[in-house]
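**Student:** The structure is given below, and queries will be raised subsequently.
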Amino acid sequence: MIPIQTEQTLTWPEHLTQAITSLPELIDHLGLPKDLIPQGMAAHQSFRLLAPRPYLSRIEYGNPDDPLLKQILPSPREMQRVSGYTADPLDEAEHTPQKAIVHKYKRRLLVITTGTCAINCRYCFRRHFPYGDNQLAQAEWQSVIDYLEAHPEVNEVILSGGDPLMMKDSLLADKLLKLEALPQIKRLRIHSRLPVVIPARICDALLTSFAKSRLDIVMVWHINHANEVDQEVMEAAFRLKSAGVTLLNQGVLLKDINDTVQAQVDLSEAVFSAGILPYYLFTLDPVAGAAHFDISVEAAQQLMGKVAAELPGYLVPRLAKEIPGKTAKTVFAPIFESN
């Protein structure tokens, strides 16, 4: 057996190779009750466990109720069929004009760059996505450029996945150069959870590509709880800001994880301290296997009314939902308590 190296010596690809993918190993690593193994095995086989050690280091040892653990631990509740929760909750198949492209909104285009992530979140709205049918080989990237040239109204490209930062730096840099060559493109947006789960992903090669780009680069982080933000995450964020990258956070409102006033206040304070602006807080996309995380829109509005009473406006994320068929995100106003 290859010995586990200390985290300080690892590159981000090495962290990936040492991620925990076995449910018994996770339970043992975190000192959790053994009965969680048989309880979660069916869910693990349906949507496999994947958790890098830097993320696991922020989970409280022996605590089955840890809010970070609940985001990644396979649960028997995932196997319950609940009406209204589907494999394609956002109807993305209806907006996929060609392989790997999702074009729902007029001036921006989303590209599925990879089907892999550094961590498997149990509430992921793409946990059933047919990545095998939508992954582009490097030689096929020209099809994206051709599509953009045929749609000059598009001025922003969103790299998604999976996680776009799972691409090698050289491949990402090549795609960036091809997009920069299109005069119509003003912005590149990257949605990623990798800087949170493996901060070492923000390496010198990546930063150099971003710093040299003529595009306005926006990185949207996926942080759901203040405990996800440690010193290494903060340092990664500061390095990105130094390269001229705009940093935003969008979280998901998750029952029994971050659905309290204190959790949301702490989350906004934590991400802003890292130089990341709270942007969106989404209600759960109704994906099959994740119904137990859901909270009603009205309850979310009431919660955010209380959160807004605790924070300045720029720290209050917009409560939103992506509703199939709408031309933009649907934003919900907070509900304030009457005096």
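Identifiers in the structure tokens: chain A, B, ... in order shown; residue index from 1 per chain; ligand index from 1 in order shown.
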Would you give me, as a tab-separated table, each residue of segment 108-204 of chain A having an atom within 12 Å of an atom of segment 90-104 of chain A, along with its shortest atom pair and that distance in Å to one decimal, using only C-alpha atoms and sorting by chain and residue number?

**Tutor:**
residue	atom	partner	partner_atom	distance
A:Arg108	CA	A:His103	CA	7.2
A:Leu109	CA	A:His103	CA	5.1
A:Leu110	CA	A:Val102	CA	5.1
A:Val111	CA	A:Ile101	CA	4.8
A:Ile112	CA	A:Ala100	CA	4.9
A:Thr113	CA	A:Ala100	CA	7.2
A:Thr114	CA	A:Ala100	CA	9.0
A:Gly115	CA	A:Ala100	CA	10.2
A:Cys124	CA	A:Leu90	CA	11.9
A:Phe125	CA	A:Leu90	CA	8.2
A:Arg126	CA	A:Leu90	CA	9.3
A:His128	CA	A:Glu92	CA	11.6
A:Phe129	CA	A:Glu92	CA	9.1
A:Pro130	CA	A:Ala93	CA	9.5
A:Tyr131	CA	A:Ala100	CA	8.5
A:Gly132	CA	A:Ala100	CA	9.9
A:Asp133	CA	A:Lys99	CA	7.2
A:Asn134	CA	A:Ala100	CA	4.4
A:Gln135	CA	A:Ala100	CA	5.9
A:Leu136	CA	A:Ala100	CA	6.5
A:Ala137	CA	A:Ala100	CA	10.3
A:Glu140	CA	A:Lys99	CA	9.5
A:Trp141	CA	A:Ala100	CA	9.6
A:Gln142	CA	A:Lys99	CA	11.8
A:Ser143	CA	A:Lys99	CA	8.6
A:Val144	CA	A:Ile101	CA	7.5
A:Ile145	CA	A:Ile101	CA	11.0
A:Asp146	CA	A:Gln98	CA	11.2
A:Tyr147	CA	A:Gln98	CA	8.8
A:Leu148	CA	A:Ile101	CA	10.3
A:His151	CA	A:His103	CA	10.5
A:Glu153	CA	A:His103	CA	11.8
A:Val154	CA	A:His103	CA	9.6
A:Glu156	CA	A:His103	CA	11.3
A:Val157	CA	A:His103	CA	10.1
A:Ile158	CA	A:Val102	CA	9.6
A:Leu159	CA	A:Ile101	CA	9.9
A:Ser160	CA	A:Ala100	CA	9.8
A:Gly161	CA	A:Ala100	CA	9.2
A:Gly162	CA	A:Ala100	CA	11.4

**Student:** May I have all residues of segment 42-162 of chain A that DSSP, computed from the backbone, assigns to helix (DSSP H, G or I), given as a ChimeraX atom specification?

**Tutor:** /A:42-46,53-56,69-72,76-79,92-95,131-133,138-140,142-149

**Student:** Give me, as a compact mmCIF listing (two decimals) with N, CA, C and O atoms, in the first residue's frame, all polymer residues having an atom no more than 10 Å from Ala309 of chain A, counting only C-alpha atoms and skipping those fewer than 4 positions away in the same chain.

**Tutor:**
# COMPACT_ATOMS: atom_id res chain seq x y z
N VAL A 261 -30.77 31.03 10.79
CA VAL A 261 -30.28 32.39 10.66
C VAL A 261 -28.79 32.44 10.95
O VAL A 261 -28.01 33.04 10.19
N MET A 304 -34.72 34.25 5.15
CA MET A 304 -33.88 35.33 4.62
C MET A 304 -34.34 36.70 5.11
O MET A 304 -33.55 37.64 5.17
N GLY A 305 -35.61 36.82 5.49
CA GLY A 305 -36.05 38.04 6.12
C GLY A 305 -35.34 38.27 7.45
O GLY A 305 -34.92 39.38 7.78
N GLY A 313 -26.86 44.98 3.44
CA GLY A 313 -27.44 44.46 2.21
C GLY A 313 -26.47 43.73 1.30
O GLY A 313 -26.84 42.75 0.65
N VAL A 316 -26.15 39.97 1.96
CA VAL A 316 -27.34 39.13 1.87
C VAL A 316 -27.46 38.60 0.44
O VAL A 316 -27.72 39.36 -0.49
N PHE A 336 -40.46 39.65 5.85
CA PHE A 336 -40.04 40.23 7.14
C PHE A 336 -41.13 40.03 8.18
O PHE A 336 -42.32 40.08 7.87
N GLU A 337 -40.68 39.81 9.40
CA GLU A 337 -41.63 39.66 10.50
C GLU A 337 -42.32 40.99 10.77
O GLU A 337 -41.68 42.05 10.74

**Student:** So which residues touch Phe282 of chain A within 7 Å, counting only C-alpha atoms, skipping near sequence neighbours fewer than 2 positions away, as a PyMOL selection string?

**Tutor:** chain A and resi 251-253+280+284+319-321

**Student:** Have a look at A:Glu25, A:Arg318, A:Trp12, A:Ala150 and name the one nearest to Cys203 of chain A; count only C-alpha atoms.

**Tutor:**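 Between A:Glu25, A:Arg318, A:Trp12, A:Ala150, the residue approaching Cys203 of chain A most closely is A:Trp12.
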